[in-house]
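Have a look at the structure below, then the notes.
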Amino acid sequence: MRLGAVLGALRPALPLLLGLSLGCSLSLLRASWSHGAAEERCLAPGPPAPPARGDPPEAAEGRPGPGHEDFRPRIVPYYRDPNKPYKKVLRTRYIQTELGFHERLFVAVLTSKATLNTLAVAVNKTVAHHFPRLLYFTGLRSAKVPHGMVLVAHGDERPIWLMYETMNYIHQHFGSDYDWFYIMQDDTYAQAEQVKALVTHLSINQDVYLGRAEEFIGGDEQARYCHGGFGYLLSRSLLLKLHPHLDSCRNEILSVRPDEWLGRCIIDFLGITCVSQLQVLPPCSNFVLAEPDKAQNPICSLLHSQEAFLWAAAVSSRGSLSGFCLLQGQHYRTYELAKNTEPEKEEEEDFQAALAVHPVSDMTLMYRLHKQFSRIQLDRVYQEIQDLQMQIRNLTALTPAGEAGVTWPVGINAPFLPKSRFEVISWDYFTEQHLFSCPDGSPKCELSGASKADVSEIIESAVEQLNRLYQPLLRFSKRQLLNGYRRFDPTRGMEYTLDLLLEAATQKGHSHVLAKRVSLVRPLSKVEIIPMPYVTEATRVQLVLPLTVQDLDFVANFLDMFAMNTLDTHDNALLTLLFIYHPYDAQRVGQMDVFAGVKAMVGELEKRYADVKIPWISVKTEVPSQVKLMDIVSKKHPVDTLFFLASVWTEINMEFLNRCRMNTISNWQVFFPVHFQEFNPALVYRGEQTASSNTDFLRDGHFDRHSFAEACFYNSDYMTARTKLAADILDRDEVLESMEVFDVFLHYSGLHLFRAVEPGLVQKYTLRSCNPRLSEELYHRCVLSNLEGLASRSHLAMALFEQEQANST
């Protein structure tokens, strides 16, 4: 009876128990099969192949040898000795350093006294900016460095000594930072993009000595050195092995040419000869070695075991599995120039495919070579674009949309499709003389500067494209631009529509005037990451808060937010108050101080936080010019101070202060955030419950682009720009009343001005008083800020509608 009751209780769980039992049984069975298959050898039966010369026994047995241990994935367990005191781990400055990544290519250019100001300058102007890092090496003492060049002077002009010191310098300063080292002379023209493409196809773990191989005079027929005139490539692994032997090479090897000396040193001590082309390794065919003694590729014999597969996957993730199959097969192509060569007339295939050309006799020839190779590279790019466009057309025909799915231009993103009328991108109308959409909001302004150059270039390009399309039947020439329209589409670039009045001439000399509409697109080019100096979030921020009598009602809220978000959290931020007295109030400060209440609040904060001091500065003026006030504050702080110029309506928080630290870079960039301004709650909510101030999302409001009151900058940058301003205006201090700190940096500094919306900088609505004594532009911006900060168009329309309804009743 009890057994039946137990079975009845377990009956609902019987399917679950049976499923678990069946799953465990199948898992055990599958594990045994996998273990048996892993023990089988993937090679055909027979005696094992002998290991290749120089290979370790592990490689012959189907496992990676010691040379490949860094490719095997392994987990490094964390162990902490309990007997040793805990020590904080110091993190590296960049994650690239912590992960052990290296830069790709370092270039060294050997120059001399005779060519430093000629050929070396030509190299610097043609190809230097295409390489990530390039240094010039010379034997001169205290040489005068041409502008824009980084020169290392060794102080000895002997060629062998210069090469020896250069190799030592490269190893000492860059040996641990770069994977490849390219050494060339200043009478060599190198195609920078081709050299960079070459090193991307080479494995970083190979000892590579690549260049134009030359025979030693009276030496071994098998040994070769790389000719220095055509440049040569050294791998990091070879440089590390060579460095201990450089002193021995200097003392034991005699040679006249530095490239021969280096080649002999590498051959004698490392046994590596210069090659112009690396031998091709056979590819892995289904990961099976039929004849391992002939294949000479140890990777392919490994990939049937699970361990070898994981190892190969790790190698592939490092980019070196492809290196084993693609490292070789790379050819270092060179071309030797004859005397009186005309680069423009060189049509040989060897010339067009050359990575390096030598000898270049003068600067003019260097520039002509650069022009010719740039034209060759441009033609290749245009041809590649045409091939890709043809492939896109062929593939689009097979898609569900068919040929209708081809966008114009082919290969460029389709135009942006707005989802509502508020997302429509408007067109700007222009002529050859005027623009009808001006930055300052005026309806018409003169076309000048970059806009004029843009319009002229696009008209010229349109006529050129028409002639290319219709020649030789017709020849077009521009008479007039009737209408022009342009807009910026963030998904594809700048779009243009032109109505051109053209004169078309036939081959027989007949001409006719016609109007034609053309459409053009200037696509967005390749996006580049701009290198920026290193900054941290540990920098102390000095807040500067100017206060007038009109701001007294908002000081309490500002101090409360400052205490809660910075003092309570122990953020590295200080506050300085700037009391701006009207001359009338300054005379009565002994009887009644208008800022007495603020000073009392500051005293309470200093009592609550014993280690905090909040200083204040008193200023008497009728016109509170931002620049004049900043002059006073700047003199009372060190030059390395990071200022945050705040306003009394600002709600300070740690998130924004960190962005202020990261976006402000000394001697490089200043940060002017665009704060978020809340709308007037009386118009937005109209008696309804207002949004909670604790919400994480932005409340109803807008980013106030008319306000430049908030700014982050270093004192040293401000002092530099202010000095240039003082030299420009001389003693006309009244000019400062029409300027803000933003204008000082914009016109009198070469720094980057970073102006961006800042969602962490929120200000509550208030109707600000605009001082009519300020300049007309500043007063106009203040009025616009107040008007646009009332409410959105929909809220204003609803308020007007309700008001009209109330009036009608």
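In the structure tokens, each chain is lettered A, B, ... as it comes, each chain's residues begin at 1, and ligands are numbered from 1 in order of appearance.
Residues lying within 7 Å of A:Pro132, counting only C-alpha atoms and ignoring same-chain neighbours fewer than 2 positions away, are A:Leu105, A:His130, A:Leu134.
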Output file for the residues above (N, CA, C and O atoms, as a PDB file, in the first residue's frame):
```pdb
ATOM      1  N   LEU A 105      55.330  49.667 -37.553  1.00  0.00           N
ATOM      2  CA  LEU A 105      56.493  49.970 -38.379  1.00  0.00           C
ATOM      3  C   LEU A 105      57.199  51.224 -37.876  1.00  0.00           C
ATOM      4  O   LEU A 105      56.575  52.239 -37.589  1.00  0.00           O
ATOM      5  N   HIS A 130      53.282  59.620 -44.236  1.00  0.00           N
ATOM      6  CA  HIS A 130      52.572  58.363 -44.469  1.00  0.00           C
ATOM      7  C   HIS A 130      53.020  57.260 -43.510  1.00  0.00           C
ATOM      8  O   HIS A 130      52.318  56.259 -43.360  1.00  0.00           O
ATOM      9  N   LEU A 134      58.894  58.163 -38.003  1.00  0.00           N
ATOM     10  CA  LEU A 134      60.068  58.286 -38.862  1.00  0.00           C
ATOM     11  C   LEU A 134      61.060  59.216 -38.195  1.00  0.00           C
ATOM     12  O   LEU A 134      60.711  60.320 -37.772  1.00  0.00           O
TER      13      LEU A 134
END
```
- request: Extract the full set of helix (DSSP H, G or I) residues from stretch 617-800 of chain A according to DSSP on the backbone, and format it as an NGL selection string.
  value: :A and (626-635 or 654-663 or 681-684 or 715-729 or 733-738 or 741-748 or 776-788 or 793-800)
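When only C-alpha atoms are used to measure the gap to A:Asp177, the shortest distance among A:Arg104, A:Glu457, A:Val463, A:Leu395 belongs to A:Arg104.
Those residues that approach stretch 245-261 of chain A to within 9 Å, counting only C-alpha atoms, are Pro159, Ile160, Trp161, Leu162, Met163, Tyr164, Met167, Asn168, Phe216, Arg224, Tyr225, Cys226, His227, Gly228, Gly229, Ile266, Asp268 and Phe269 of chain A; same-chain residues fewer than 5 positions away are not listed.
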If you keep all heavy atoms, can you produce a file of those selected residues as a short mmCIF file (atom, residue, chain, number, x, y, z; two decimals), in the first residue's frame?
```
data_model
loop_
_atom_site.label_atom_id
_atom_site.label_comp_id
_atom_site.auth_asym_id
_atom_site.auth_seq_id
_atom_site.Cartn_x
_atom_site.Cartn_y
_atom_site.Cartn_z
N PRO A 159 80.79 56.24 -41.81
CA PRO A 159 79.58 55.48 -42.18
C PRO A 159 79.33 54.26 -41.29
O PRO A 159 78.19 54.02 -40.89
CB PRO A 159 79.86 55.09 -43.64
CG PRO A 159 80.86 56.08 -44.12
CD PRO A 159 81.70 56.43 -42.95
N ILE A 160 80.40 53.49 -41.01
CA ILE A 160 80.21 52.29 -40.18
C ILE A 160 79.78 52.68 -38.78
O ILE A 160 78.88 52.05 -38.18
CB ILE A 160 81.50 51.45 -40.17
CG1 ILE A 160 81.94 51.12 -41.59
CG2 ILE A 160 81.27 50.17 -39.36
CD1 ILE A 160 80.93 50.37 -42.41
N TRP A 161 80.38 53.70 -38.23
CA TRP A 161 80.03 54.15 -36.88
C TRP A 161 78.59 54.66 -36.85
O TRP A 161 77.86 54.44 -35.88
CB TRP A 161 81.00 55.23 -36.43
CG TRP A 161 80.80 55.64 -35.01
CD1 TRP A 161 80.05 56.66 -34.55
CD2 TRP A 161 81.34 54.99 -33.85
NE1 TRP A 161 80.07 56.73 -33.19
CE2 TRP A 161 80.87 55.70 -32.72
CE3 TRP A 161 82.18 53.90 -33.66
CZ2 TRP A 161 81.22 55.36 -31.42
CZ3 TRP A 161 82.52 53.56 -32.35
CH2 TRP A 161 82.04 54.27 -31.26
N LEU A 162 78.17 55.38 -37.90
CA LEU A 162 76.79 55.86 -37.96
C LEU A 162 75.81 54.69 -37.96
O LEU A 162 74.79 54.73 -37.26
CB LEU A 162 76.61 56.72 -39.21
CG LEU A 162 75.17 57.20 -39.50
CD1 LEU A 162 74.66 58.07 -38.37
CD2 LEU A 162 75.10 57.95 -40.82
N MET A 163 76.10 53.64 -38.73
CA MET A 163 75.21 52.49 -38.76
C MET A 163 75.19 51.79 -37.40
O MET A 163 74.12 51.40 -36.90
CB MET A 163 75.66 51.52 -39.84
CG MET A 163 74.86 50.23 -39.91
SD MET A 163 73.10 50.51 -40.27
CE MET A 163 73.23 51.01 -41.98
N TYR A 164 76.36 51.65 -36.77
CA TYR A 164 76.43 51.00 -35.46
C TYR A 164 75.63 51.78 -34.42
O TYR A 164 74.84 51.21 -33.66
CB TYR A 164 77.90 50.89 -35.04
CG TYR A 164 78.11 50.56 -33.59
CD1 TYR A 164 77.95 49.26 -33.12
CD2 TYR A 164 78.48 51.56 -32.67
CE1 TYR A 164 78.13 48.97 -31.77
CE2 TYR A 164 78.66 51.27 -31.33
CZ TYR A 164 78.48 49.98 -30.89
OH TYR A 164 78.66 49.68 -29.56
N MET A 167 71.77 51.47 -35.07
CA MET A 167 71.18 50.20 -34.64
C MET A 167 71.06 50.14 -33.13
O MET A 167 70.06 49.66 -32.59
CB MET A 167 72.02 49.04 -35.16
CG MET A 167 72.10 48.94 -36.68
SD MET A 167 70.48 48.80 -37.47
CE MET A 167 69.93 47.24 -36.82
N ASN A 168 72.08 50.66 -32.43
CA ASN A 168 72.01 50.69 -30.96
C ASN A 168 70.87 51.59 -30.49
O ASN A 168 70.13 51.25 -29.56
CB ASN A 168 73.33 51.20 -30.40
CG ASN A 168 74.27 50.06 -30.02
OD1 ASN A 168 73.83 48.97 -29.65
ND2 ASN A 168 75.56 50.29 -30.14
N PHE A 216 78.51 39.77 -51.94
CA PHE A 216 79.72 40.35 -51.40
C PHE A 216 80.84 40.24 -52.44
O PHE A 216 80.93 39.27 -53.20
CB PHE A 216 80.15 39.64 -50.12
CG PHE A 216 79.25 39.91 -48.96
CD1 PHE A 216 78.24 39.00 -48.62
CD2 PHE A 216 79.38 41.05 -48.20
CE1 PHE A 216 77.42 39.24 -47.54
CE2 PHE A 216 78.55 41.30 -47.12
CZ PHE A 216 77.57 40.40 -46.80
N ARG A 224 74.40 36.87 -48.98
CA ARG A 224 73.95 38.11 -49.59
C ARG A 224 73.73 39.16 -48.49
O ARG A 224 73.41 38.84 -47.34
CB ARG A 224 72.62 37.91 -50.33
CG ARG A 224 72.69 36.91 -51.48
CD ARG A 224 73.42 37.49 -52.68
NE ARG A 224 73.32 36.63 -53.84
CZ ARG A 224 74.12 35.60 -54.10
NH1 ARG A 224 75.08 35.28 -53.21
NH2 ARG A 224 73.96 34.88 -55.19
N TYR A 225 73.93 40.41 -48.87
CA TYR A 225 73.58 41.52 -47.99
C TYR A 225 72.54 42.38 -48.70
O TYR A 225 72.42 42.36 -49.92
CB TYR A 225 74.82 42.34 -47.62
CG TYR A 225 75.34 43.22 -48.75
CD1 TYR A 225 74.95 44.55 -48.87
CD2 TYR A 225 76.23 42.72 -49.69
CE1 TYR A 225 75.41 45.36 -49.90
CE2 TYR A 225 76.70 43.51 -50.73
CZ TYR A 225 76.29 44.83 -50.83
OH TYR A 225 76.74 45.61 -51.85
N CYS A 226 71.79 43.17 -47.93
CA CYS A 226 70.76 44.03 -48.48
C CYS A 226 71.35 45.40 -48.82
O CYS A 226 71.97 46.04 -47.96
CB CYS A 226 69.60 44.21 -47.49
SG CYS A 226 68.59 42.73 -47.27
N HIS A 227 71.16 45.80 -50.05
CA HIS A 227 71.69 47.08 -50.53
C HIS A 227 70.99 48.23 -49.80
O HIS A 227 69.77 48.34 -49.80
CB HIS A 227 71.46 47.19 -52.04
CG HIS A 227 72.24 48.28 -52.69
ND1 HIS A 227 72.00 49.62 -52.46
CD2 HIS A 227 73.29 48.24 -53.56
CE1 HIS A 227 72.83 50.36 -53.16
NE2 HIS A 227 73.64 49.55 -53.85
N GLY A 228 71.80 49.10 -49.18
CA GLY A 228 71.22 50.18 -48.38
C GLY A 228 70.51 51.22 -49.20
O GLY A 228 69.61 51.91 -48.70
N GLY A 229 70.88 51.38 -50.47
CA GLY A 229 70.25 52.39 -51.29
C GLY A 229 68.80 52.11 -51.58
O GLY A 229 68.04 53.04 -51.86
N ILE A 266 75.09 40.22 -39.62
CA ILE A 266 73.92 39.34 -39.48
C ILE A 266 74.25 37.93 -39.93
O ILE A 266 73.84 36.93 -39.31
CB ILE A 266 72.74 39.92 -40.28
CG1 ILE A 266 72.29 41.27 -39.70
CG2 ILE A 266 71.56 38.96 -40.31
CD1 ILE A 266 71.23 41.98 -40.50
N ASP A 268 77.34 36.41 -40.08
CA ASP A 268 78.35 35.75 -39.25
C ASP A 268 77.80 35.31 -37.91
O ASP A 268 78.16 34.24 -37.41
CB ASP A 268 79.54 36.68 -39.05
CG ASP A 268 80.34 36.89 -40.33
OD1 ASP A 268 80.05 36.17 -41.32
OD2 ASP A 268 81.23 37.77 -40.36
N PHE A 269 76.96 36.09 -37.29
CA PHE A 269 76.52 35.81 -35.92
C PHE A 269 75.13 35.18 -35.85
O PHE A 269 74.82 34.52 -34.85
CB PHE A 269 76.56 37.08 -35.08
CG PHE A 269 77.94 37.55 -34.76
CD1 PHE A 269 78.58 38.47 -35.58
CD2 PHE A 269 78.63 37.06 -33.67
CE1 PHE A 269 79.86 38.92 -35.31
CE2 PHE A 269 79.91 37.49 -33.38
CZ PHE A 269 80.54 38.41 -34.20
#
```
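Put simply, atom CA of A:Val535 is 20.0 Å away from atom CA of A:Gly760.
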task: List every residue of stretch 95-178 of chain A that DSSP, applied to the backbone, labels as strand (DSSP E), and write the result as an MDAnalysis selection string.
output: chainID A and resid 103:110 134:138 151:153 178
Would you tabulate, counting only C-alpha atoms, all residues of stretch 484-539 of chain A that have an atom at most 9 Å from an atom of stretch 412-422 of chain A, showing the closest pair of atoms and their distance in Å to one decimal, sorted by chain then ascending number, as CSV?
```
residue,atom,partner,partner_atom,distance
A:Asp489,CA,A:Phe416,CA,6.7
A:Pro490,CA,A:Phe416,CA,7.9
A:Thr491,CA,A:Phe416,CA,6.4
A:Arg492,CA,A:Asn413,CA,5.5
A:Pro523,CA,A:Ile412,CA,7.4
```
Just N, CA, C and O atoms for this one: save the residues we selected as an mmCIF file, in the first residue's frame.
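New file again17.cif:
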```cif
data_model
loop_
_atom_site.group_PDB
_atom_site.id
_atom_site.type_symbol
_atom_site.label_atom_id
_atom_site.label_comp_id
_atom_site.auth_asym_id
_atom_site.auth_seq_id
_atom_site.Cartn_x
_atom_site.Cartn_y
_atom_site.Cartn_z
ATOM 1 N N ASP A 489 24.191 65.008 -45.659
ATOM 2 C CA ASP A 489 23.537 63.775 -45.230
ATOM 3 C C ASP A 489 24.543 62.989 -44.395
ATOM 4 O O ASP A 489 25.570 62.536 -44.916
ATOM 5 N N PRO A 490 24.305 62.818 -43.098
ATOM 6 C CA PRO A 490 25.310 62.153 -42.253
ATOM 7 C C PRO A 490 25.546 60.699 -42.624
ATOM 8 O O PRO A 490 26.543 60.114 -42.189
ATOM 9 N N THR A 491 24.663 60.086 -43.409
ATOM 10 C CA THR A 491 24.855 58.685 -43.785
ATOM 11 C C THR A 491 25.730 58.522 -45.016
ATOM 12 O O THR A 491 26.219 57.424 -45.272
ATOM 13 N N ARG A 492 25.933 59.594 -45.810
ATOM 14 C CA ARG A 492 26.709 59.437 -47.039
ATOM 15 C C ARG A 492 27.637 60.599 -47.345
ATOM 16 O O ARG A 492 28.679 60.406 -47.936
ATOM 17 N N PRO A 523 31.327 62.085 -51.020
ATOM 18 C CA PRO A 523 31.122 61.099 -49.954
ATOM 19 C C PRO A 523 32.063 61.320 -48.782
ATOM 20 O O PRO A 523 33.137 61.923 -48.917
#
```
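Atom CA of A:Asn786 to atom CA of A:Leu552 spans 19.0 Å [interatomic distance, one decimal].
For the set A:Val521, A:Leu800, A:Val406, A:Ala600, the residue with the smallest atom-to-atom gap to A:Ile392 is A:Val406, counting only C-alpha atoms.
Across the structure, atom CA of A:Phe745 and atom CA of A:Thr720 are spaced 9.5 Å apart.
Residue nearest A:Tyr748, chosen from A:Cys712, A:Leu119, A:Ala721, A:Leu767 and counting only C-alpha atoms: A:Ala721.
Here the question is which of A:Asp611, A:Asp551, A:Glu460, A:Asp207 gets nearest to A:Leu574 using only C-alpha atoms, and that residue is A:Asp611.
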query: Leaving out A:Asp454 and any residue of its chain fewer than 3 positions from it, which residues lie within 12 Å of it when counting only C-alpha atoms, given as a PyMOL selection string?
result: chain A and resi 430-432+447-451+457-461+484+486+494-496+522
task: For A:Ala190, please output as a PyMOL selection string all residues within 8 Å (counting only C-alpha atoms; exclusion window: fewer than 4 positions along the same chain).
output: chain A and resi 127+195+355-357
